[in-house]
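Below you'll find the structure, written out as C-alpha cells, and then a few comments.
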Amino acid sequence: MSEHYPALLVILPLLASFFISAAGWFRPVLCFPFTVAGLAGSLLVSLGLLGDVMSGGPVSYRFAGWDPPWGIYYRVDHLNALVLAVVSVVGFINLLAARSSVEKEFPEKAGPFYTLYVLFMTGLLGMVVTGDAFNLYVLLEIAAITGYALIALGKGRAPLSSLHYIFMGTIGASFYLLGVGYLYIVTGSLNMEDIARLLPPLYESKVVTAAFVILMVGVWLKMGFFPLHAWLPNAYTHAPSPVSSLVAPLMTKVMVYVMIRMVVTVFTLDFAFTFLGLNDAVVWLAVVAIVMGSLLALSEKDVKRMLTYIVVAEVGYMVGGFWLGNSAGFTGAVLHILNDALMTLCLFLAVGNIVHVKGNSRMESLPGLFRTMPWTMAALVVGALSIIGVPPTCGFFSKWYLLLGALEAGHYGFLAALLFSSLVSVVLFFRIFEVGYFEPLGGSHGSAHGDDEHVVREAPLGMLVPLWITALGLILVGLYTGEIVGRVIRHAVPAMML
Amino acid sequence: MEPLYSIMPLIAVLVSLGVVPILMSSRSANVREAWTFGAAALKFLIVLSMLPTVLEGRVLVCTIAEVLPGVAIRLRVDALGMLFALVASSLWIITSAYSIGYMRGLKEHGQTRYFCFFALALSATIGAAFSANLFTLYLFYEMLSFATYPLVTHHQDAEARRSGRKYLLYIVGTSIGLVLPAMVVAYYLSGTLEFSGHGFLPASSSPILLGVLLFMFLFGFAKAAIMPLHAWLPAAMVAPTPVSALLHAVAVVKVGVFCILRVLTEVFGVELLASLNLGTAVAYVAAFTIIVASLIALTQDELKRLLAFSTIGQLSYIVLGVALLTPKGITGGMVHIAMHAFGKITLFFCAGAIFVATGKKYISQMAGIGKQMPLTMAAFFIGVLSVIGLPPTGGFVSKWYLVLGTLPADQWSMLIVILTSSLLNAAYFFPILYRAFFRQEDQSRNDVAVGEAPLWCLVPLMITAVGCILLFFYPFIFLRLAELAGS
Amino acid sequence: MEDILRLIIEKYNYWIYITLMMIGLYAIIAKNNLVKKIVGMNILQTAVILFFVSIGVKRGATVPIIEHAHDGAHHAIRAAEYINPLPHVLMLTAIVVSVATLGVALVIAIKTYQRFLTLEEDEILKQIREP
C-alpha cells in the first residue's frame, strides 16, 4: 500500500470528485462527507509520505511501471513531502470551516462547490508531487481552472475579478508551457531529473536562458510576485470566504514551491546562480515586492483586501529568501511556505468568520468586535502576531532564518525590507485592533457597558474550531521549528548552498 | 557548580498564565479576586522556594524547546534573575490587593480583562527574569509589550488610544527595528545566544560593530526609557494607577533595565566592555538621562507624570551603576532594582489613593492633603526618602553602593551626577510634602472634608512603605544576590 | 540585412507563433470588450500549441510505427525517418486544457453579463464605482 502513496495522493481526491458531483445531483447531503473522506484520505497519505521520507529518504513512483524518462514519474523528497503535508492540512482544515459558509451563502451550489474544491486540491497536490514538467502544467491548469470557477462563486464583482484572474493565469501558464517547450527543444526530455542531467553542457545555449526567463516570468505571474500581482487582490477579495481561505494560503505557496523546484532540480543552482548571476537582481525585486505590498496594504480600508496585499508582500519574503542563495535563506523560504500557509489560513478564516456574522469585512463593521466576537478576534490576534513575527509564533522563526540569510549574503536591502514590513504589519493590525477594541468610544469610566453585559454574537462552532486549531497550530509549529528544520528542511537544502 | 535541572522555573512562569482561563470564566468578582490572590501567593512561594538553592550559588535550568540550532527556549534561575523575580512576585501580591481596592473604589469597567492581562504581564515578567538566553528574553519582552497594551489603554477613550499608539510605537517599534536585527547579528557573530558570565560575543569582532550593537540593544530595549526614547512612559500614565504602579514602576520598565543589564554583563561581558571603553559611553548616556529627567520632573504639576519622569531618571541609575563596570557599582545598580521598586510603588500607590479618595490628580490641588490623609502622606514621605536615597530607607543602600562604585573607576563626573540628581530629586519632591503638610487648604473650593482611601488601598501602601524601611536594616538577601550576580 | 532575412525565413514558424502570441497579449491587455479579451486569450494559447506542433515537424519523415516482418524479424530502425510524436501528443492535452479554460471563461463572462448587463469593461467598472 505505502508504495502507492504518491499516486493515491492524487487519485483519492480525483475519485472523490466523481462521487461528490454525483451526490450533488441525487443526495446533496452526502457531498460534504464524501469531500471529507476524499481529503482525509489524501491528508493521511501525505502525512504517511512525510513519515516515509523522514525515515527512509526520497520516494519515487512510476505510473504503470513505465521507467523515466518515458513514463510519468512522481518523486517525493524532503522538500515536497513537507509542502504536500502543508497543502493537505490547510485544505482539510479549511474544508471543515467551509461547511457553515456554504450553507449560508450558496446552499444550492454545494455539489459543484465541493467538486471544485477537491479538484483544486487534486491539482495542487499533483503539482507538488510530480516529477514531470509537462504533467505539472496540466495539474497547474486543473488547479487554476477550478480556482477560477470557485472565485466566480462570489457576490458582486467576483465574476469580473475571476475573468481578470483567468487572463493573467492563462498568460502565466502559457509562459510556463512555452518555457517547457524550449527546454524540450534542447534536451528532448520532460522528466525533471532527466532534463537536469542533460542540461549542463548546454548552459551556453541562449535557448536555455530563454527557457529559464520565460518559465520564471510565468511562475511569478501565477504567484503574484510584484509587479505581476495586479490580479491577486481583486480575485482573493471578491471570492467567497471559504474560497479565499483556500486559494490565498495555497496557490501562491505552491507556486513558490514550483519556482524552487524548477530552479533547484531542473535548471540547477549552478546555472541560475553562478552562470546567470541573477540572484542579486531578483532579491532586489523581492525587496520592492515586500515594500510595495506593505505600503499598498496600508492604504486599504477592507480587512480582507488588506490581507491580500500582505500575501503579495509575503511572496516577496519567500522569493527573496530563496534567491539569497544560502542555506539560511533557503531554510527561511521553505519554512515560510509552511508558516505563511498557516498564518494566511488563520487570518482568512478569522476574516471569514467576521464576514459570516457581519456581512462584510470593512473597517466600519469592526467596532466593538472584541466584545461581540472575542474568540474570532483572539485568533486574529494570534495570526497577526505571527505575521508581525513575535515569538513563539511560527512567523518569527522563518523571519529569523530570512534575516540570517540576508546577513550572510550581505544583502542589507532585504534585511531592511523584512524589518520594515514587520513594522508596517504592526501598524496594519493594530489599526484593526484599535477599531475593534476602542470603538464605540466609551466614556472615561464607561459604566454603560458593565461586566455583566454579554452581547456575544460569534460565528458557529464549526467555523471557530478550525480557526482555533490553526491558531494553536501557529504556536505549536513555532515551538517545534527546531524539529521541522532539523529533520525535514535541512535535508532539502541543496548541497551547493551548504 | 553544575546547573540543576528543575521544572520549578517553568511552573513559576505558568502559574499566572494558567489562572487566566479561570479568571475569564468566573462571573463573580469575589471568585476572580480570590484566584488572583491565590496565583500571586503561589507564584511568590515558588520563587521563594528556589531562593536557597540560588543563594548557594547554584543555578536552576529548564529547557522547553530547542527552536533554532544553538538556541532554545530555556529558563535559568540565577542570582540576578532571582533578585528581579523576588521583587516582581512579592509586589504582585500587594498590587493585587491594591487593584481590588482601586478598581472597586472607582467602579472601573472591564475588570475581568484587567485581571487577565495583569496575570499575563506577570507571567511575562517572571519569564524575562528567568530567561537563559537572549532569544527567550526577547520572547518574554515582546509578550509583555502586547500583554500590557490593553492595560495601558484600559479606559478605552480617545486619550487612551493616543497613548496606546505612542506606547506601541516606541516599545514594539524599537524591539523589532533595533533589538531583532541586533540579535540576528549577535547570533551571526557567535552562533549562540546563551547568556554567559563573560559574555558570548567574540572579542575579535570589529569594535565599531560591537559599539553599534551595544547601542542598538541599549535603545532597542526602550522599556528602560533611556532618553531620547522615554516619551512613552509619561504617556502611559493614563492607565489605572495600579497598572502604572506595578507595570510602569516595577515590571515593564524594570524588564527593560533588566534586559540592558543582561546585555551588558552577559552578552558583552564586563571585560569586553572595559577593553573597548564602551562602559563609559553607556554611563554618559545614562547620566544625561538622569539629569534631564530630573530637570523635567521639576516642571510637572500632574503627580503621576512627575513620578514617571522620576522613574526615567531612577532607571538610568541602574544602567549607570552597571556601566561603571566596578563590582560595587554593579551591586549598587542591581540592588537599586529592588530598592527603587519598593520606593516608587509606594509613591504610585499614594497617588492612586489620593485620586480614589479625593479625585485630585494635580499637585497644585493637594494643599493640606496631609491633614486629611495622614497615613497616606506619611507613606508618601517614606517613599520620597527612599527614592532620594536618604536613610533610614532602602534607597540609601543602593545609592551608597553606587557612590562607592564611582570611586575605584575614577569617574568623578559620575559621582557628581549622582549627587546632583539626588539634590534635584529632593527639589521636586519636597515641595509636594510641604504643600501637603504645611499649606492651608484652599477654603473656597473645599466642600466636604475627605478621609483616607479605602482599606484595600491603604494597607498595601503601608506595607510597601514599611518595606522601604525594613530594606534599610535588612538588605542582605538582595545584596547577596547582587554580589553573586556581579561576581 | 541578408542575415536577418534568412533568420526570418528559416525560422518562420517561430515568427508566426510570436506574432500570434503578441496579438493575443495585445487583445487581452488593450481590448475593452470581455469576449474580445477571451478571444485574445485563446489566440495566445493556440500560439503556444502551434509552437509545439511546429517543432515536432520533420519534412519527409513518417509516423513512428515500426513495421514487423511476417517472420518476426525486425527491420532496421532508422530514427532519422521518423517524426517525434511526443510534442503532438502533448498538445492534445494542451488543446483540452485550452478548451476547458475557454469554456470556463465564457461561462464566467455570461455570468458577468447577467450581473452588469454589459460586457464592456469600462461600463462595468463605472457601475461598480457608482452603485
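Every chain in the C-alpha cells has a letter given in the order shown (A, B, ...), and although residue numbers restart at 1 in each chain, ligands are simply numbered from 1 in the order shown.
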- Expected answer as number ranges by chain: alpha helix (DSSP H) residues in chain C: C: 2-10, 12-30, 34-55, 86-116, 121-129
Quiz item: Where in stretch 6-175 of chain B does DSSP assign strand (DSSP E or B), given as a PyMOL selection string?
Solution: chain B and resi 60-68+71-77+131+133
- request: Skip stretch 115-125 of chain C itself and residues of its chain fewer than 4 positions away, then list as a VMD selection string all residues within 8 Å of it, counting only C-alpha atoms.
  value: (chain A and resid 156) or (chain C and resid 32 to 35 109 111 129)
Notebook entry, point to check: Which one is closest to chain C: A:Thr170, A:Ser46, A:Asn360, A:Thr187? Count only C-alpha atoms.
Noted result: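 Using only C-alpha atoms, the shortest distance to chain C belongs to A:Thr170.
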Worksheet item: Looking at C:Tyr82, C:Leu20, C:Ala100, C:Val89, which one is nearest to C:Phe51, with distances taken over only C-alpha atoms?
Response: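 The closest residue to C:Phe51 is C:Leu20.
If only C-alpha atoms are the atoms counted, then among C:Lys37, C:His88, C:Lys126, C:Arg59 the closest residue to chain A is C:Lys37.
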Against chain A, which residues of chain B fall within 10 Å? For each one I want the closest pair of atoms and the distance in Å (one decimal), counting only C-alpha atoms, rows by chain and increasing residue number, as CSV.
residue,atom,partner,partner_atom,distance
B:Arg27,CA,A:Asp452,CA,8.1
B:Ser28,CA,A:Asp452,CA,9.6
B:Ala29,CA,A:Asp451,CA,9.7
B:Ile64,CA,A:Leu479,CA,8.6
B:Ala65,CA,A:Leu479,CA,6.3
B:Glu66,CA,A:Gly482,CA,5.6
B:Val67,CA,A:Gly482,CA,4.0
B:Leu68,CA,A:Gly482,CA,5.1
B:Pro69,CA,A:Gly482,CA,7.0
B:Gly70,CA,A:Gly482,CA,9.7
B:Val71,CA,A:Gly482,CA,9.0
B:Ala72,CA,A:Gly482,CA,8.7
B:Ile73,CA,A:Leu479,CA,8.5
B:Leu106,CA,A:His445,CA,8.2
B:Lys107,CA,A:Ser447,CA,7.7
B:Glu108,CA,A:His445,CA,6.0
B:His109,CA,A:Gly450,CA,5.6
B:Gly110,CA,A:Asp451,CA,5.8
B:Gln111,CA,A:Asp451,CA,7.2
B:Thr112,CA,A:Asp451,CA,7.6
B:Arg113,CA,A:Asp451,CA,9.4
B:Phe135,CA,A:Pro391,CA,8.8
B:Thr136,CA,A:Pro391,CA,8.8
B:Tyr138,CA,A:Pro391,CA,8.0
B:Leu139,CA,A:Pro391,CA,5.3
B:Phe140,CA,A:Pro391,CA,8.5
B:Tyr141,CA,A:Pro391,CA,9.9
B:Glu142,CA,A:Val390,CA,6.8
B:Met143,CA,A:Val390,CA,8.1
B:Phe146,CA,A:Leu385,CA,9.3
B:Pro150,CA,A:Tyr437,CA,8.9
B:Thr153,CA,A:Phe438,CA,8.8
B:His154,CA,A:Phe438,CA,9.5
B:His155,CA,A:Ser444,CA,5.8
B:Gln156,CA,A:Phe438,CA,5.2
B:Asp157,CA,A:Leu441,CA,5.6
B:Ala158,CA,A:Leu441,CA,7.2
B:Glu159,CA,A:Ser444,CA,9.3
B:Ala160,CA,A:Phe438,CA,9.0
B:Arg161,CA,A:Phe438,CA,7.4
B:Gly164,CA,A:Glu434,CA,9.1
B:Arg165,CA,A:Phe430,CA,8.6
B:Leu168,CA,A:Val426,CA,8.6
B:Leu169,CA,A:Val427,CA,8.6
B:Val172,CA,A:Val426,CA,8.1
B:Gly173,CA,A:Leu423,CA,6.5
B:Thr174,CA,A:Leu423,CA,9.5
B:Ser175,CA,A:Leu423,CA,9.9
B:Ile176,CA,A:Leu419,CA,6.8
B:Gly177,CA,A:Leu419,CA,6.2
B:Leu178,CA,A:Leu419,CA,9.2
B:Leu180,CA,A:Leu419,CA,8.5
B:Pro181,CA,A:Leu403,CA,7.7
B:Met183,CA,A:Trp400,CA,9.6
B:Val184,CA,A:Leu404,CA,6.2
B:Val185,CA,A:Leu407,CA,7.5
B:Tyr187,CA,A:Leu404,CA,8.4
B:Tyr188,CA,A:Leu404,CA,7.0
Deliver the residues from the most recent selection as a file, using C-alpha atoms, as a PDB file, in the first residue's frame.
ATOM      1  CA  ARG B  27     -18.612  35.505  36.681  1.00  0.00           C
ATOM      2  CA  SER B  28     -18.294  36.655  40.253  1.00  0.00           C
ATOM      3  CA  ALA B  29     -15.823  39.338  41.199  1.00  0.00           C
ATOM      4  CA  ILE B  64      11.308  23.977  26.936  1.00  0.00           C
ATOM      5  CA  ALA B  65      12.116  23.576  23.253  1.00  0.00           C
ATOM      6  CA  GLU B  66      15.150  23.722  21.017  1.00  0.00           C
ATOM      7  CA  VAL B  67      13.906  26.081  18.343  1.00  0.00           C
ATOM      8  CA  LEU B  68      16.962  27.120  16.377  1.00  0.00           C
ATOM      9  CA  PRO B  69      20.368  25.488  16.168  1.00  0.00           C
ATOM     10  CA  GLY B  70      22.123  26.502  19.373  1.00  0.00           C
ATOM     11  CA  VAL B  71      19.129  28.434  20.632  1.00  0.00           C
ATOM     12  CA  ALA B  72      16.464  27.032  22.911  1.00  0.00           C
ATOM     13  CA  ILE B  73      13.549  28.441  24.803  1.00  0.00           C
ATOM     14  CA  LEU B 106     -13.731  53.709  41.077  1.00  0.00           C
ATOM     15  CA  LYS B 107     -16.180  51.105  39.684  1.00  0.00           C
ATOM     16  CA  GLU B 108     -13.972  50.565  36.655  1.00  0.00           C
ATOM     17  CA  HIS B 109     -15.333  48.581  33.715  1.00  0.00           C
ATOM     18  CA  GLY B 110     -13.734  45.510  32.161  1.00  0.00           C
ATOM     19  CA  GLN B 111     -12.300  44.196  35.411  1.00  0.00           C
ATOM     20  CA  THR B 112     -12.111  40.623  34.131  1.00  0.00           C
ATOM     21  CA  ARG B 113      -9.987  41.712  31.210  1.00  0.00           C
ATOM     22  CA  PHE B 135      16.030  34.767  22.491  1.00  0.00           C
ATOM     23  CA  THR B 136      13.920  33.715  25.465  1.00  0.00           C
ATOM     24  CA  TYR B 138      13.139  38.714  23.647  1.00  0.00           C
ATOM     25  CA  LEU B 139      10.182  36.342  23.617  1.00  0.00           C
ATOM     26  CA  PHE B 140       9.002  37.414  27.053  1.00  0.00           C
ATOM     27  CA  TYR B 141       9.865  41.035  26.364  1.00  0.00           C
ATOM     28  CA  GLU B 142       7.517  41.050  23.379  1.00  0.00           C
ATOM     29  CA  MET B 143       4.878  39.119  25.279  1.00  0.00           C
ATOM     30  CA  PHE B 146       1.489  43.096  23.917  1.00  0.00           C
ATOM     31  CA  PRO B 150      -4.836  46.533  26.913  1.00  0.00           C
ATOM     32  CA  THR B 153      -5.456  51.613  27.189  1.00  0.00           C
ATOM     33  CA  HIS B 154      -7.849  50.327  29.828  1.00  0.00           C
ATOM     34  CA  HIS B 155     -10.107  53.392  29.788  1.00  0.00           C
ATOM     35  CA  GLN B 156     -10.780  52.940  26.067  1.00  0.00           C
ATOM     36  CA  ASP B 157     -11.215  56.651  25.458  1.00  0.00           C
ATOM     37  CA  ALA B 158      -9.546  58.912  22.941  1.00  0.00           C
ATOM     38  CA  GLU B 159      -6.662  59.725  25.250  1.00  0.00           C
ATOM     39  CA  ALA B 160      -6.004  56.065  25.996  1.00  0.00           C
ATOM     40  CA  ARG B 161      -5.991  55.391  22.290  1.00  0.00           C
ATOM     41  CA  GLY B 164      -1.609  53.277  23.341  1.00  0.00           C
ATOM     42  CA  ARG B 165      -0.339  54.219  19.914  1.00  0.00           C
ATOM     43  CA  LEU B 168       3.308  50.566  20.840  1.00  0.00           C
ATOM     44  CA  LEU B 169       5.260  52.798  18.510  1.00  0.00           C
ATOM     45  CA  VAL B 172       7.397  47.488  19.579  1.00  0.00           C
ATOM     46  CA  GLY B 173       8.999  49.769  17.015  1.00  0.00           C
ATOM     47  CA  THR B 174      12.328  49.668  18.801  1.00  0.00           C
ATOM     48  CA  SER B 175      12.194  45.983  19.652  1.00  0.00           C
ATOM     49  CA  ILE B 176      11.560  44.990  16.038  1.00  0.00           C
ATOM     50  CA  GLY B 177      13.598  47.744  14.484  1.00  0.00           C
ATOM     51  CA  LEU B 178      16.661  47.545  16.738  1.00  0.00           C
ATOM     52  CA  LEU B 180      15.729  41.949  16.459  1.00  0.00           C
ATOM     53  CA  PRO B 181      18.459  42.856  13.937  1.00  0.00           C
ATOM     54  CA  MET B 183      20.050  39.777  17.967  1.00  0.00           C
ATOM     55  CA  VAL B 184      20.436  38.322  14.484  1.00  0.00           C
ATOM     56  CA  VAL B 185      23.841  39.956  14.149  1.00  0.00           C
ATOM     57  CA  TYR B 187      23.822  35.164  16.561  1.00  0.00           C
ATOM     58  CA  TYR B 188      25.620  35.522  13.254  1.00  0.00           C
TER      59      TYR B 188
END
(message) Set the cut-off to 10 Å and count only C-alpha atoms: what are the residues of chain C that reach chain A? Output as a PyMOL selection string.
(response) chain C and resi 21+24-25+28-29+34+37-38+40-42+44-49+51-52+55-56+84+86-87+90+93-94+96-98+100-113+115-116+119+121+124-125+127-128
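Atom pair atom CA of B:Tyr102 / atom CA of B:Leu303: separated by 17.0 Å.
The protein and nucleic acid residues lying at most 10 Å from stretch 199-208 of chain B are Ala186, Tyr187, Tyr188, Leu189, Ser190, Gly191, Thr192, Leu193, Leu214, Arg262, Val263, Leu264, Thr265, Glu266, Val267, Phe268, Gly269, Val270, Glu271, Leu272, Leu273, Ser275, Leu276 and Leu278 of chain B, with only C-alpha atoms considered and sequence neighbours fewer than 6 positions away removed.
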